[in-house]
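Novice: Below you will find the structure I want to go over with you.
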Amino acid sequence: MATYFVLGKKSLRALAGVHDDLARVVKQAILLTTCDFTVLEGMRSQMRQAELVQAGASMTMNSRHLTGHAVDLGALVNGEVRWDWPLYFQIARAMQDAAESERVRLTWGGCWDRDLTAIADPEAGCAAYVQRRKGNGKAAFIDGPHYQLDWAEYPVTA
């Protein structure tokens, strides 16, 4: 028998201010996932973003979170957020399927240089991204909980 998950009140509150297309993908993904998840963060203030940059948890003050174009999803196991990578690959598959179904282009923090729906397998896509970065003499910043709308299709307008 299949298990279905739903977004809790905290997750729904965290989606406030998030672009409708991204919120729609998250709401579809929770119905498709094999791993329960919560919305950890959606839209962020400049102050919160600065804190995360200072802590090394984010690399930029030009975050899509500042405009409501990004979310961070946390894997839930028995009601607790867990950081085990296999869980984040499961969530990525659900987000991938939901994005494809909703026709929304997403970038995932496990593979920053590809559209999520163009990655055959999130785990292999993440490993390939790391190798591409290393091949270019650069470090790979991996952020498995992070999903953002594609910059080209969803530009920020002032």
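Chain identifiers are assigned as A, B, and so on, following the order in which chains appear in the structure tokens; residues are numbered from 1 within each chain, and ligands are numbered from 1 in order of appearance.
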Could you give me, as a short mmCIF file (atom, residue, chain, number, x, y, z; two decimals) with N, CA and C atoms, in the first residue's frame, the residues within 12 Å of A:Trp85, counting only C-alpha atoms and dropping anything in the same chain fewer than 6 positions from it?
Specialist:
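New file part_8.cif:
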data_model
loop_
_atom_site.label_atom_id
_atom_site.label_comp_id
_atom_site.auth_asym_id
_atom_site.auth_seq_id
_atom_site.Cartn_x
_atom_site.Cartn_y
_atom_site.Cartn_z
N CYS A 35 9.78 9.86 0.43
CA CYS A 35 10.35 10.35 1.69
C CYS A 35 9.61 11.61 2.10
N GLY A 74 13.50 19.81 3.84
CA GLY A 74 14.18 18.91 4.77
C GLY A 74 13.49 17.56 4.83
N ALA A 75 14.28 16.50 4.75
CA ALA A 75 13.75 15.13 4.84
C ALA A 75 13.25 14.88 6.26
N ILE A 91 13.79 12.84 -2.47
CA ILE A 91 13.03 14.10 -2.59
C ILE A 91 13.30 14.74 -3.95
N ALA A 92 14.55 14.69 -4.39
CA ALA A 92 14.90 15.26 -5.70
C ALA A 92 14.12 14.57 -6.82
N GLY A 110 21.90 20.08 -5.72
CA GLY A 110 22.77 18.91 -5.87
C GLY A 110 23.44 18.86 -7.22
N PRO A 122 19.07 11.73 -10.04
CA PRO A 122 19.66 12.74 -9.17
C PRO A 122 20.99 12.35 -8.53
N GLU A 123 21.12 11.11 -8.09
CA GLU A 123 22.37 10.71 -7.45
C GLU A 123 23.53 10.75 -8.44
N CYS A 126 24.34 14.40 -9.38
CA CYS A 126 25.11 15.08 -8.34
C CYS A 126 26.58 14.70 -8.45
N ILE A 142 27.55 21.79 -2.69
CA ILE A 142 26.38 20.93 -2.81
C ILE A 142 25.37 21.31 -1.73
N ASP A 143 24.13 21.55 -2.15
CA ASP A 143 23.06 21.96 -1.24
C ASP A 143 21.81 21.14 -1.57
N GLY A 144 21.81 19.90 -1.11
CA GLY A 144 20.74 18.96 -1.44
C GLY A 144 19.33 19.40 -1.13
N PRO A 145 19.09 20.19 -0.07
CA PRO A 145 17.72 20.62 0.23
C PRO A 145 17.20 21.74 -0.67
#
Novice: Tell me which protein, DNA and RNA residues are within 12 Å of A:Gly109, counting only C-alpha atoms, leaving out same-chain ones fewer than 4 positions away, and put them as JSON, numbers by chain.
Specialist: {"A": [58, 59, 64, 70, 71, 72, 73, 88, 89, 92, 113, 114, 115, 116, 122, 123, 125, 126, 129, 130, 140, 141, 142, 143, 144, 145, 146, 147, 148, 149, 150]}
Novice: State, in Å with one decimal place, the distance from atom CA of A:Ala50 to atom CA of A:His19.
Specialist: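 Result for atom CA of A:Ala50 versus atom CA of A:His19: 21.5 Å, one decimal.
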Novice: May I ask for the distance between atom CA of A:Ala139 and atom CA of A:Val53, given in Å to one decimal place?
Specialist: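 Going from atom CA of A:Ala139 over to atom CA of A:Val53, I get 16.7 Å.
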Novice: Taking only stretch 6-37 of chain A into account, list the residues labelled alpha helix (DSSP H) by DSSP (computed from the backbone), as a list of chain:residue names.
Specialist: A:Lys9, A:Lys10, A:Ser11, A:Leu12, A:Arg13, A:Ala14, A:Asp20, A:Asp21, A:Leu22, A:Ala23, A:Arg24, A:Val25, A:Val26, A:Lys27, A:Gln28, A:Ala29, A:Ile30, A:Leu31, A:Leu32
Novice: With N, CA and C atoms kept, could you save the residues just selected as a PDB file, in the first residue's frame?
Specialist:
ATOM      1  N   LYS A   9       1.234  22.573   8.512  1.00  0.00           N
ATOM      2  CA  LYS A   9       0.989  24.013   8.644  1.00  0.00           C
ATOM      3  C   LYS A   9       2.279  24.819   8.573  1.00  0.00           C
ATOM      4  N   LYS A  10       3.337  24.318   9.214  1.00  0.00           N
ATOM      5  CA  LYS A  10       4.626  25.011   9.190  1.00  0.00           C
ATOM      6  C   LYS A  10       5.152  25.119   7.759  1.00  0.00           C
ATOM      7  N   SER A  11       5.047  24.049   7.000  1.00  0.00           N
ATOM      8  CA  SER A  11       5.495  24.061   5.608  1.00  0.00           C
ATOM      9  C   SER A  11       4.670  25.034   4.771  1.00  0.00           C
ATOM     10  N   LEU A  12       3.381  25.016   4.972  1.00  0.00           N
ATOM     11  CA  LEU A  12       2.510  25.921   4.212  1.00  0.00           C
ATOM     12  C   LEU A  12       2.829  27.377   4.549  1.00  0.00           C
ATOM     13  N   ARG A  13       3.117  27.653   5.817  1.00  0.00           N
ATOM     14  CA  ARG A  13       3.526  29.026   6.210  1.00  0.00           C
ATOM     15  C   ARG A  13       4.851  29.396   5.549  1.00  0.00           C
ATOM     16  N   ALA A  14       5.769  28.438   5.472  1.00  0.00           N
ATOM     17  CA  ALA A  14       7.076  28.699   4.860  1.00  0.00           C
ATOM     18  C   ALA A  14       6.963  28.957   3.362  1.00  0.00           C
ATOM     19  N   ASP A  20       4.312  31.319  -7.125  1.00  0.00           N
ATOM     20  CA  ASP A  20       3.234  30.333  -7.276  1.00  0.00           C
ATOM     21  C   ASP A  20       3.676  29.063  -7.991  1.00  0.00           C
ATOM     22  N   ASP A  21       4.491  29.182  -9.030  1.00  0.00           N
ATOM     23  CA  ASP A  21       4.911  27.992  -9.778  1.00  0.00           C
ATOM     24  C   ASP A  21       5.754  27.061  -8.917  1.00  0.00           C
ATOM     25  N   LEU A  22       6.647  27.621  -8.126  1.00  0.00           N
ATOM     26  CA  LEU A  22       7.482  26.797  -7.251  1.00  0.00           C
ATOM     27  C   LEU A  22       6.648  26.182  -6.133  1.00  0.00           C
ATOM     28  N   ALA A  23       5.758  26.953  -5.547  1.00  0.00           N
ATOM     29  CA  ALA A  23       4.877  26.421  -4.502  1.00  0.00           C
ATOM     30  C   ALA A  23       4.034  25.274  -5.051  1.00  0.00           C
ATOM     31  N   ARG A  24       3.573  25.410  -6.275  1.00  0.00           N
ATOM     32  CA  ARG A  24       2.764  24.359  -6.915  1.00  0.00           C
ATOM     33  C   ARG A  24       3.589  23.075  -7.089  1.00  0.00           C
ATOM     34  N   VAL A  25       4.850  23.216  -7.481  1.00  0.00           N
ATOM     35  CA  VAL A  25       5.715  22.044  -7.645  1.00  0.00           C
ATOM     36  C   VAL A  25       5.928  21.353  -6.295  1.00  0.00           C
ATOM     37  N   VAL A  26       6.205  22.120  -5.250  1.00  0.00           N
ATOM     38  CA  VAL A  26       6.408  21.543  -3.915  1.00  0.00           C
ATOM     39  C   VAL A  26       5.140  20.805  -3.470  1.00  0.00           C
ATOM     40  N   LYS A  27       3.985  21.404  -3.680  1.00  0.00           N
ATOM     41  CA  LYS A  27       2.718  20.774  -3.267  1.00  0.00           C
ATOM     42  C   LYS A  27       2.436  19.500  -4.065  1.00  0.00           C
ATOM     43  N   GLN A  28       2.886  19.442  -5.303  1.00  0.00           N
ATOM     44  CA  GLN A  28       2.736  18.226  -6.104  1.00  0.00           C
ATOM     45  C   GLN A  28       3.756  17.178  -5.654  1.00  0.00           C
ATOM     46  N   ALA A  29       4.980  17.608  -5.370  1.00  0.00           N
ATOM     47  CA  ALA A  29       6.047  16.675  -4.988  1.00  0.00           C
ATOM     48  C   ALA A  29       5.731  15.926  -3.698  1.00  0.00           C
ATOM     49  N   ILE A  30       5.078  16.586  -2.742  1.00  0.00           N
ATOM     50  CA  ILE A  30       4.764  15.906  -1.478  1.00  0.00           C
ATOM     51  C   ILE A  30       3.819  14.728  -1.717  1.00  0.00           C
ATOM     52  N   LEU A  31       3.029  14.790  -2.781  1.00  0.00           N
ATOM     53  CA  LEU A  31       2.119  13.698  -3.130  1.00  0.00           C
ATOM     54  C   LEU A  31       2.835  12.557  -3.845  1.00  0.00           C
ATOM     55  N   LEU A  32       4.016  12.846  -4.396  1.00  0.00           N
ATOM     56  CA  LEU A  32       4.758  11.866  -5.190  1.00  0.00           C
ATOM     57  C   LEU A  32       5.929  11.235  -4.446  1.00  0.00           C
TER      58      LEU A  32
END
